[in-house]
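Visitor: A single structure is presented below for examination.
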Amino acid sequence: MKPKMQEDIQRTRSSPEEYELLVLGSGTAGKLISWTLAKHGMKTASIERKYVGGSCQNIACLPSKNVIHSAKVASYFRRSEEFGITKGDWKIDMQGVRARKRKMVKDLVDIQIDHYKESGAELLMGSGRFVGPKTIEVTSADGVIRLLHGKQVVINIGTHATIDPTPGLREVNPLTHIEALELDRIPEHLIILGGGFVGVEFAQAMRRFGCRVTIVDRNARLIHREDEDISAALHELFRDEGIDVLTGTRITRVEGKSGESVKLSANRNGSELVLEGSDILVAAGRTPNTDGIGLDLAGVETTSHGYIKVNERLETTAPDVWAVGECAGSPHFTHISENDFHIVHENILGGHRVTTGRQVPFCVFTDPEFARVGLSETEANEGGVAYRLAKIPLSAVQRARTLSETRGFMKALIDTQSDRILGFSVFGVEAGEIMASVQVAMIAGLPYTALRDAIFTHPTLLEGLIALFNNVTPASVPASKA
Ligand SMILES: Cc1cc2nc3c(=O)[nH]c(=O)nc-3n(C[C@H](O)[C@H](O)[C@H](O)COP(=O)(O)OP(=O)(O)OC[C@H]3O[C@@H](n4cnc5c(N)ncnc54)[C@H](O)[C@@H]3O)c2cc1C
Ligand SMILES: NC(=O)c1ccc[n+]([C@@H]2O[C@H](COP(=O)([O-])OP(=O)(O)OC[C@H]3O[C@@H](n4cnc5c(N)ncnc54)[C@H](O)[C@@H]3O)[C@@H](O)[C@H]2O)c1
């Protein structure tokens with residue numbers, strides 16, 4: 001290191017720049033806190049090492065949904081005769097797919113930068129690490145170092161794709177979602193390690209672009225935390241689309257080079273097998289970005305899995321230091337990170353808002369989608385919660401027939417003592433939007449009968465809710481599931 005630079009470090013170490021609010025990481029919660037409290041008059045610095053505005057816009061939700069939509073268009077082309085449209089030659093141009101995604105990301109990042117400018121929050125591009133209580137050293141890409149101290153500090157540093165210590169896995173240079181979203185070619189045979197949310201969304205999109213796809217998961221079924229009927233429907237969908245699924249499979253060794261050829265040795269239900277492909281994508285869970293950033297020097301404790309320990313107010317173990325989003329172990333969704341923002345924002349200003357008991361709705365963007373709010377059957381059974389179950393196939397919804405999208409079902413769990421909706425799941429076209437309507441009823445505390453007796457426009461997918469809730473056994477009749 002040059003003597004001048006060393007001198008600068010010494011100088012800045014002895015006198016950090018003072019801020020009222022320091023935000024490490026510009027994810028969903030972090031950027032919203034920065035913009036809002038800067039507008040409120042607090043002197044704010046937001047530190048971001050690479051992705052202005054966080055993962056969602058740059059490398060996760062939005063770019064993946066953009067690419068998934070291109071894949072949906074490809075599937076419409078493939079099915080065009082079914083809709084009475086004869087097509088000539090067509091082909092998929094992955095460079096075009098990527099260009100559309102890149103443009104969207106660039107536009108979104110520009111909007112984030114404008115928000116920083118308008119709010120008065122200072123955006124510092126650099127990697128941050130704690131060097132003492134509420135004190136962060138920021139190193140920019142060109143080596144410039146600044147030392148900052150905040151009266152309040154918010155940590156929003158997210159997670160990264162887990163690459164477990166399976167022999168050879170890291171050495172084959174596997175794709176993660178980040179590189180997969182940048183592909184300008186169609187892999188010949190993509191092996192996806194992990195059949196969770198990331199794995200299933202990518203599997204279908206890549207298959208629809210024309211790639212051979214094999215999903216390998218150590219569990220007995222895809223998205224194994226969800227109800228068995230949901231997993232079964234997904235397995236059927238993937239079988240119909242020609243995606244190979246190897247469940248109950250543990251990889252023991254990986255050889256080769258992703259992008260050229262890879263060879264996986266595995267154990268499936270006690271038998272050895274070898275799997276060969278051209279590329280491997282790791283979609284096997286997340287690891288918090290908490291390693292090596294001096295959290296111990298700041299008095300911020302972590303859990304055994306590396307997540308920052310927080311209470312229900314999202315306070316860490318260090319006074320005036322908060323943690324939000326995935327790094328704090330909050331459910332891994334953008335809308336939850338946004339809710340963490342509301343909680344910390346209010347608490348910093350002296351309020352008392354908590355994470356306890358909040359709804360965690362979500363939607364998996366396969367085609368058709370799978371969405372859920374409230375309890376699944378699995379959760380209700382595990383928690384000993386008695387419920388009445390209503391379930392109908394999507395084919396019972398006339399709108400789905402007009403779209404030729406009759407695959408799937410919806411189901412609701414109703415309390416046995418009251419008419420309260422405990423949970424709602426839907427695997428079907430526009431599942432995310434249908435689920436949100438039931439969620440609104442749940443927020444309002446409406447009984448299921450309010451939806452059963454509603455007048456919904458014909459022909460819409462929401463009409464299905466009338467049919468669904470007409471299937472609920474009245475509370476007076478002994479419920480089979482109670
Ligand atoms: C492929 C994929 C698809 C997804 N799709 C969806 C979806 O459809 N819907 C949904 O709700 N959720 C989805 N998610 C999850 C969602 O992306 C996250 O939950 C969401 O972005 C919230 O993240 P966050 O606020 O915790 O942190 P992030 O948005 O990850 O922000 C953390 C930021 O901190 C920065 N950072 C980290 N360490 C440092 C450091 N030391 N110094 C400076 N900066 C640092 C990082 O660069 C990053 O920008 C998806 C995730 C993946 C991987
Ligand atoms: N639409 C959405 O909202 C959306 C989309 C993508 C991701 N996400 C969020 O990101 C999170 C992370 O997603 P993810 O898919 O990486 O994790 P995940 O936890 O959902 O799934 C990972 C899967 O990989 C399997 N696995 C792990 N290690 C393995 C190994 N060595 N061999 C075989 N299988 C292995 C696990 O058993 C699990 O089934 C999700 O939980 C979700 O909260 C949300």
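To be explicit about the labels: the chains of the structure tokens are called A, B, and onward in the order shown, and within each one the residues are counted from 1, while ligands get numbers from 1 in the order they are shown.
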Neighbouring residues of Ala121 in chain A were defined as those with any atom within 7 Å, considering only C-alpha atoms; residues of the same chain fewer than 5 positions away were excluded. Please report them as an mmCIF file with N, CA and C atoms, in the first residue's frame.

Guide:
data_model
loop_
_atom_site.group_PDB
_atom_site.id
_atom_site.type_symbol
_atom_site.label_atom_id
_atom_site.label_comp_id
_atom_site.auth_asym_id
_atom_site.auth_seq_id
_atom_site.Cartn_x
_atom_site.Cartn_y
_atom_site.Cartn_z
ATOM 1 N N SER A 34 -33.035 4.621 3.767
ATOM 2 C CA SER A 34 -32.140 5.742 3.426
ATOM 3 C C SER A 34 -32.937 6.908 2.844
ATOM 4 N N TRP A 35 -33.763 6.601 1.845
ATOM 5 C CA TRP A 35 -34.504 7.685 1.179
ATOM 6 C C TRP A 35 -35.465 8.372 2.152
ATOM 7 N N ALA A 38 -33.607 10.259 5.066
ATOM 8 C CA ALA A 38 -32.872 11.421 4.526
ATOM 9 C C ALA A 38 -33.873 12.547 4.228
ATOM 10 N N THR A 44 -27.673 11.104 6.004
ATOM 11 C CA THR A 44 -27.683 9.654 5.752
ATOM 12 C C THR A 44 -26.643 9.261 4.708
ATOM 13 N N ALA A 45 -25.942 8.159 4.978
ATOM 14 C CA ALA A 45 -25.085 7.557 3.936
ATOM 15 C C ALA A 45 -25.506 6.116 3.744
ATOM 16 N N SER A 46 -25.615 5.721 2.484
ATOM 17 C CA SER A 46 -25.991 4.356 2.125
ATOM 18 C C SER A 46 -24.797 3.744 1.398
ATOM 19 N N TYR A 116 -32.040 8.360 -4.914
ATOM 20 C CA TYR A 116 -30.984 8.777 -3.983
ATOM 21 C C TYR A 116 -30.767 10.283 -4.088
#

Visitor: Can I get the residues close to ligand 1 as a ChimeraX atom specification, where close means within 6 Å and we count only C-alpha atoms and all ligand atoms?

Guide: /A:24-29,47-51,54-56,60-61,64,126-129,156-159,177,198,289,325-327,332-335,337

Visitor: Please produce a file of those selected residues containing C-alpha atoms, as a compact mmCIF listing (two decimals), in the first residue's frame.

Guide:
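Everything below was put into result_8.txt:
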# COMPACT_ATOMS: atom_id res chain seq x y z
CA LEU A 24 -24.92 -0.89 4.96
CA GLY A 25 -26.31 -2.49 1.79
CA SER A 26 -28.87 -0.88 -0.51
CA GLY A 27 -31.40 -3.74 -0.64
CA THR A 28 -35.11 -3.14 -0.55
CA ALA A 29 -35.36 -2.24 3.14
CA ILE A 47 -23.10 1.99 1.36
CA GLU A 48 -23.39 -0.42 -1.57
CA ARG A 49 -20.64 -2.56 -3.06
CA LYS A 50 -22.19 -3.47 -6.42
CA TYR A 51 -25.96 -3.56 -6.95
CA GLY A 54 -30.15 -4.42 -4.10
CA SER A 55 -30.70 -7.87 -5.52
CA CYS A 56 -34.36 -7.68 -6.48
CA ALA A 60 -33.05 -11.71 -8.56
CA CYS A 61 -36.83 -11.20 -8.69
CA SER A 64 -35.73 -13.56 -13.39
CA GLY A 126 -17.83 0.52 -1.90
CA SER A 127 -17.54 -2.49 0.34
CA GLY A 128 -18.25 -1.84 3.99
CA ARG A 129 -16.99 -3.56 7.11
CA ASN A 156 -29.20 -4.79 4.93
CA ILE A 157 -26.55 -6.92 3.28
CA GLY A 158 -28.60 -9.84 1.94
CA THR A 159 -27.45 -13.36 1.14
CA HIS A 177 -28.78 -17.30 -10.64
CA VAL A 198 -34.95 -20.70 -7.60
CA ASN A 289 -23.30 -12.05 3.60
CA GLY A 325 -34.11 -8.28 5.11
CA GLU A 326 -32.57 -11.66 4.46
CA CYS A 327 -29.39 -11.08 6.52
CA HIS A 332 -36.51 -14.33 1.86
CA PHE A 333 -38.90 -12.15 -0.14
CA THR A 334 -38.72 -8.57 -1.38
CA HIS A 335 -42.10 -7.67 0.09
CA SER A 337 -37.73 -6.76 3.21

Visitor: What lies within 8 Å of range 108-112 of chain A using only C-alpha atoms, ignoring chain neighbours under 5 positions off, as a PyMOL selection string?

Guide: chain A and resi 52-53+57-58

Visitor: I need the chosen residues saved as a PDB file, in the first residue's frame, with N, CA and C atoms.

Guide:
ATOM      1  N   VAL A  52     -26.829  -1.286  -7.066  1.00  0.00           N
ATOM      2  CA  VAL A  52     -27.596  -0.154  -6.545  1.00  0.00           C
ATOM      3  C   VAL A  52     -29.073  -0.556  -6.476  1.00  0.00           C
ATOM      4  N   GLY A  53     -29.628  -0.466  -5.277  1.00  0.00           N
ATOM      5  CA  GLY A  53     -31.037  -0.845  -5.093  1.00  0.00           C
ATOM      6  C   GLY A  53     -31.199  -2.296  -4.700  1.00  0.00           C
ATOM      7  N   GLN A  57     -33.910  -5.892  -8.085  1.00  0.00           N
ATOM      8  CA  GLN A  57     -33.913  -5.301  -9.437  1.00  0.00           C
ATOM      9  C   GLN A  57     -32.756  -5.789 -10.300  1.00  0.00           C
ATOM     10  N   ASN A  58     -31.627  -6.093  -9.655  1.00  0.00           N
ATOM     11  CA  ASN A  58     -30.398  -6.344 -10.416  1.00  0.00           C
ATOM     12  C   ASN A  58     -30.202  -7.796 -10.825  1.00  0.00           C
TER      13      ASN A  58
END

Visitor: 8 Å from ligand 2 is the threshold here; counting only C-alpha atoms and all ligand atoms, which polymer residues fall inside it? Answer as JSON, numbers by chain.

Guide: {"A": [60, 61, 161, 162, 164, 166, 193, 194, 195, 196, 197, 198, 199, 200, 201, 216, 217, 218, 219, 221, 222, 223, 224, 249, 250, 251, 282, 283, 284, 285, 286, 331, 332, 333, 334, 362, 363, 364, 365]}

Visitor: Restricting the output to N, CA and C atoms, write the selected residues as a short mmCIF file (atom, residue, chain, number, x, y, z; two decimals), in the first residue's frame.

Guide:
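Output file selection.cif follows:
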data_model
loop_
_atom_site.label_atom_id
_atom_site.label_comp_id
_atom_site.auth_asym_id
_atom_site.auth_seq_id
_atom_site.Cartn_x
_atom_site.Cartn_y
_atom_site.Cartn_z
N ALA A 60 -32.17 -10.70 -9.16
CA ALA A 60 -33.05 -11.71 -8.56
C ALA A 60 -34.47 -11.64 -9.12
N CYS A 61 -35.41 -11.10 -8.33
CA CYS A 61 -36.83 -11.20 -8.69
C CYS A 61 -37.12 -10.66 -10.09
N ALA A 161 -25.89 -17.19 -3.06
CA ALA A 161 -26.20 -18.59 -3.31
C ALA A 161 -25.21 -19.48 -2.57
N THR A 162 -25.72 -20.47 -1.88
CA THR A 162 -24.86 -21.40 -1.14
C THR A 162 -24.21 -22.37 -2.13
N ASP A 164 -22.23 -25.60 -1.49
CA ASP A 164 -21.82 -26.44 -0.36
C ASP A 164 -20.49 -27.14 -0.66
N THR A 166 -19.49 -30.01 -1.36
CA THR A 166 -19.41 -31.23 -2.16
C THR A 166 -18.11 -31.22 -2.97
N LEU A 193 -28.93 -27.95 -9.41
CA LEU A 193 -28.80 -28.52 -8.08
C LEU A 193 -29.74 -27.78 -7.15
N GLY A 194 -30.85 -28.42 -6.77
CA GLY A 194 -31.83 -27.78 -5.89
C GLY A 194 -33.17 -27.60 -6.57
N GLY A 195 -34.19 -28.17 -5.94
CA GLY A 195 -35.55 -28.05 -6.49
C GLY A 195 -36.41 -27.17 -5.62
N GLY A 196 -35.81 -26.07 -5.13
CA GLY A 196 -36.57 -25.07 -4.37
C GLY A 196 -37.09 -24.00 -5.33
N PHE A 197 -37.37 -22.83 -4.79
CA PHE A 197 -38.01 -21.78 -5.60
C PHE A 197 -37.13 -21.36 -6.78
N VAL A 198 -35.84 -21.13 -6.51
CA VAL A 198 -34.95 -20.70 -7.60
C VAL A 198 -34.86 -21.80 -8.65
N GLY A 199 -34.67 -23.03 -8.19
CA GLY A 199 -34.48 -24.16 -9.10
C GLY A 199 -35.68 -24.38 -10.01
N VAL A 200 -36.88 -24.35 -9.45
CA VAL A 200 -38.05 -24.67 -10.31
C VAL A 200 -38.35 -23.54 -11.30
N GLU A 201 -38.15 -22.30 -10.86
CA GLU A 201 -38.41 -21.19 -11.79
C GLU A 201 -37.44 -21.25 -12.98
N VAL A 216 -31.81 -31.89 -9.69
CA VAL A 216 -31.39 -32.88 -8.69
C VAL A 216 -31.66 -32.29 -7.31
N ASP A 217 -32.40 -33.00 -6.48
CA ASP A 217 -32.65 -32.53 -5.12
C ASP A 217 -32.54 -33.70 -4.16
N ARG A 218 -32.01 -33.40 -2.97
CA ARG A 218 -31.81 -34.48 -2.00
C ARG A 218 -33.13 -34.88 -1.33
N ASN A 219 -34.13 -33.99 -1.40
CA ASN A 219 -35.42 -34.31 -0.79
C ASN A 219 -36.26 -35.20 -1.69
N ARG A 221 -39.21 -34.64 -2.82
CA ARG A 221 -40.06 -33.96 -3.81
C ARG A 221 -39.65 -32.50 -3.98
N LEU A 222 -40.10 -31.91 -5.08
CA LEU A 222 -39.81 -30.50 -5.36
C LEU A 222 -40.51 -29.64 -4.30
N ILE A 223 -40.00 -28.42 -4.12
CA ILE A 223 -40.47 -27.47 -3.08
C ILE A 223 -41.07 -28.25 -1.88
N HIS A 224 -40.19 -28.99 -1.24
CA HIS A 224 -40.63 -30.00 -0.27
C HIS A 224 -41.28 -29.44 0.99
N THR A 249 -31.76 -37.54 -4.18
CA THR A 249 -30.44 -37.74 -4.79
C THR A 249 -29.40 -36.83 -4.14
N ARG A 250 -28.32 -37.43 -3.69
CA ARG A 250 -27.22 -36.67 -3.09
C ARG A 250 -26.01 -36.72 -4.01
N ILE A 251 -25.50 -35.56 -4.32
CA ILE A 251 -24.31 -35.49 -5.17
C ILE A 251 -23.09 -35.75 -4.29
N VAL A 282 -26.31 -23.85 -9.50
CA VAL A 282 -26.51 -24.12 -8.08
C VAL A 282 -27.67 -23.28 -7.57
N ALA A 283 -28.71 -23.96 -7.10
CA ALA A 283 -29.90 -23.28 -6.57
C ALA A 283 -30.29 -23.99 -5.29
N ALA A 284 -29.35 -24.05 -4.38
CA ALA A 284 -29.47 -24.93 -3.22
C ALA A 284 -29.54 -24.17 -1.91
N GLY A 285 -30.20 -23.03 -1.92
CA GLY A 285 -30.36 -22.25 -0.69
C GLY A 285 -29.41 -21.06 -0.63
N ARG A 286 -29.48 -20.33 0.48
CA ARG A 286 -28.79 -19.05 0.59
C ARG A 286 -27.88 -19.00 1.82
N PRO A 331 -38.07 -13.78 6.32
CA PRO A 331 -38.38 -14.61 5.15
C PRO A 331 -37.84 -13.97 3.88
N HIS A 332 -37.29 -14.83 3.00
CA HIS A 332 -36.51 -14.33 1.86
C HIS A 332 -37.39 -13.86 0.71
N PHE A 333 -38.04 -12.73 0.90
CA PHE A 333 -38.90 -12.15 -0.14
C PHE A 333 -38.73 -10.63 -0.12
N THR A 334 -38.86 -10.02 -1.29
CA THR A 334 -38.72 -8.57 -1.38
C THR A 334 -39.79 -7.85 -0.57
N PHE A 362 -46.64 -15.41 -0.68
CA PHE A 362 -45.59 -15.53 -1.70
C PHE A 362 -46.16 -16.16 -2.95
N CYS A 363 -45.42 -16.00 -4.03
CA CYS A 363 -45.83 -16.58 -5.31
C CYS A 363 -44.59 -17.13 -6.00
N VAL A 364 -44.64 -18.38 -6.42
CA VAL A 364 -43.55 -18.96 -7.19
C VAL A 364 -43.93 -18.82 -8.66
N PHE A 365 -43.02 -18.22 -9.45
CA PHE A 365 -43.38 -17.84 -10.81
C PHE A 365 -43.06 -18.90 -11.84
#

Visitor: Find the residues near Val310 in chain A: any atom within 8 Å, counting only C-alpha atoms, skip ones fewer than 5 places away on the same chain, and give them as a compact mmCIF listing (two decimals) with C-alpha atoms, in the first residue's frame.

Guide:
# COMPACT_ATOMS: atom_id res chain seq x y z
CA GLU A 315 -32.81 -4.55 16.88
CA THR A 316 -29.47 -6.37 16.86
CA THR A 317 -27.45 -7.13 19.99
CA TRP A 322 -30.72 -2.64 13.29
CA ALA A 323 -30.75 -5.46 10.75
CA ALA A 328 -31.62 -10.71 9.59

Visitor: Counting only C-alpha atoms, what is within 9 Å of Arg407 in chain A, bar same-chain residues fewer than 4 positions away, as a ChimeraX atom specification?

Guide: /A:233,237,368,393-395,400,427-429

Visitor: Could those residues be written to a file, using N, CA and C atoms, as a PDB file, in the first residue's frame?

Guide:
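Full text of out-v4.pdb as output:
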ATOM      1  N   ALA A 233     -48.326 -31.711  -8.259  1.00  0.00           N
ATOM      2  CA  ALA A 233     -48.778 -30.971  -9.452  1.00  0.00           C
ATOM      3  C   ALA A 233     -47.584 -30.415 -10.228  1.00  0.00           C
ATOM      4  N   LEU A 237     -46.408 -31.252 -14.034  1.00  0.00           N
ATOM      5  CA  LEU A 237     -46.147 -30.176 -14.999  1.00  0.00           C
ATOM      6  C   LEU A 237     -44.770 -30.365 -15.646  1.00  0.00           C
ATOM      7  N   PRO A 368     -48.121 -22.829 -14.730  1.00  0.00           N
ATOM      8  CA  PRO A 368     -48.782 -21.793 -13.939  1.00  0.00           C
ATOM      9  C   PRO A 368     -48.060 -21.541 -12.618  1.00  0.00           C
ATOM     10  N   PRO A 393     -60.721 -27.936  -8.738  1.00  0.00           N
ATOM     11  CA  PRO A 393     -59.750 -27.867  -9.836  1.00  0.00           C
ATOM     12  C   PRO A 393     -59.924 -26.561 -10.611  1.00  0.00           C
ATOM     13  N   LEU A 394     -58.856 -26.084 -11.230  1.00  0.00           N
ATOM     14  CA  LEU A 394     -58.944 -24.864 -12.058  1.00  0.00           C
ATOM     15  C   LEU A 394     -59.901 -25.068 -13.226  1.00  0.00           C
ATOM     16  N   SER A 395     -60.072 -26.321 -13.637  1.00  0.00           N
ATOM     17  CA  SER A 395     -60.971 -26.585 -14.771  1.00  0.00           C
ATOM     18  C   SER A 395     -62.414 -26.211 -14.432  1.00  0.00           C
ATOM     19  N   ALA A 400     -60.571 -19.895 -16.927  1.00  0.00           N
ATOM     20  CA  ALA A 400     -59.382 -20.709 -17.214  1.00  0.00           C
ATOM     21  C   ALA A 400     -59.583 -21.475 -18.519  1.00  0.00           C
ATOM     22  N   PHE A 427     -52.493 -23.251  -7.222  1.00  0.00           N
ATOM     23  CA  PHE A 427     -51.551 -23.606  -8.284  1.00  0.00           C
ATOM     24  C   PHE A 427     -52.357 -23.444  -9.554  1.00  0.00           C
ATOM     25  N   GLY A 428     -52.105 -22.393 -10.295  1.00  0.00           N
ATOM     26  CA  GLY A 428     -52.912 -22.158 -11.483  1.00  0.00           C
ATOM     27  C   GLY A 428     -52.570 -20.821 -12.110  1.00  0.00           C
ATOM     28  N   VAL A 429     -53.202 -20.574 -13.251  1.00  0.00           N
ATOM     29  CA  VAL A 429     -52.939 -19.339 -13.992  1.00  0.00           C
ATOM     30  C   VAL A 429     -53.249 -18.123 -13.107  1.00  0.00           C
TER      31      VAL A 429
END

Visitor: From a DSSP calculation on the backbone, collect every residue of range 61-109 of chain A in alpha helix (DSSP H) and output the set as a PyMOL selection string.

Guide: chain A and resi 61-78+94-109

Visitor: For C-alpha atoms, I'd like the residues from the last selection saved as a CSV table (one decimal), in the first residue's frame.

Guide:
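Dumped to selection22.csv:
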chain,number,residue,atom,x,y,z
A,61,CYS,CA,-36.8,-11.2,-8.7
A,62,LEU,CA,-37.3,-8.8,-11.5
A,63,PRO,CA,-34.7,-10.0,-14.0
A,64,SER,CA,-35.7,-13.6,-13.4
A,65,LYS,CA,-39.4,-12.7,-14.0
A,66,ASN,CA,-38.4,-10.8,-17.1
A,67,VAL,CA,-36.6,-13.8,-18.5
A,68,ILE,CA,-39.4,-16.2,-17.4
A,69,HIS,CA,-41.8,-14.0,-19.4
A,70,SER,CA,-39.6,-14.4,-22.5
A,71,ALA,CA,-39.8,-18.2,-21.9
A,72,LYS,CA,-43.6,-17.9,-21.6
A,73,VAL,CA,-43.7,-16.2,-25.0
A,74,ALA,CA,-41.6,-19.1,-26.3
A,75,SER,CA,-44.1,-21.5,-24.9
A,76,TYR,CA,-47.0,-19.6,-26.6
A,77,PHE,CA,-45.1,-19.9,-29.9
A,78,ARG,CA,-44.7,-23.6,-29.3
A,94,MET,CA,-30.8,-15.7,-26.1
A,95,GLN,CA,-28.8,-12.5,-26.8
A,96,GLY,CA,-32.2,-10.8,-27.4
A,97,VAL,CA,-33.6,-12.3,-24.2
A,98,ARG,CA,-30.7,-10.9,-22.3
A,99,ALA,CA,-30.8,-7.5,-24.0
A,100,ARG,CA,-34.5,-7.1,-22.9
A,101,LYS,CA,-33.6,-8.0,-19.4
A,102,ARG,CA,-30.5,-5.8,-19.3
A,103,LYS,CA,-32.5,-2.8,-20.5
A,104,MET,CA,-35.1,-3.3,-17.8
A,105,VAL,CA,-32.4,-3.6,-15.1
A,106,LYS,CA,-30.6,-0.5,-16.4
A,107,ASP,CA,-33.9,1.5,-16.4
A,108,LEU,CA,-34.6,0.4,-12.8
A,109,VAL,CA,-31.1,1.2,-11.6

Visitor: Write out as an NGL selection string all residues of range 155-212 of chain A that DSSP puts in strand (DSSP E) for this structure's backbone.

Guide: :A and (155 or 159-161 or 189-193 or 212)

Visitor: Those residues with C-alpha atoms, as a JSON list (two decimals), in the first residue's frame please?

Guide:
[["chain", "number", "residue", "atom", "x", "y", "z"],
["A", 155, "ILE", "CA", -27.58, -3.49, 8.14],
["A", 159, "THR", "CA", -27.45, -13.36, 1.14],
["A", 160, "HIS", "CA", -25.68, -15.20, -1.69],
["A", 161, "ALA", "CA", -26.20, -18.59, -3.31],
["A", 189, "HIS", "CA", -28.01, -29.92, -20.87],
["A", 190, "LEU", "CA", -28.40, -27.86, -17.71],
["A", 191, "ILE", "CA", -28.24, -29.72, -14.41],
["A", 192, "ILE", "CA", -29.86, -27.75, -11.61],
["A", 193, "LEU", "CA", -28.80, -28.52, -8.08],
["A", 212, "ARG", "CA", -32.45, -30.17, -21.75]]
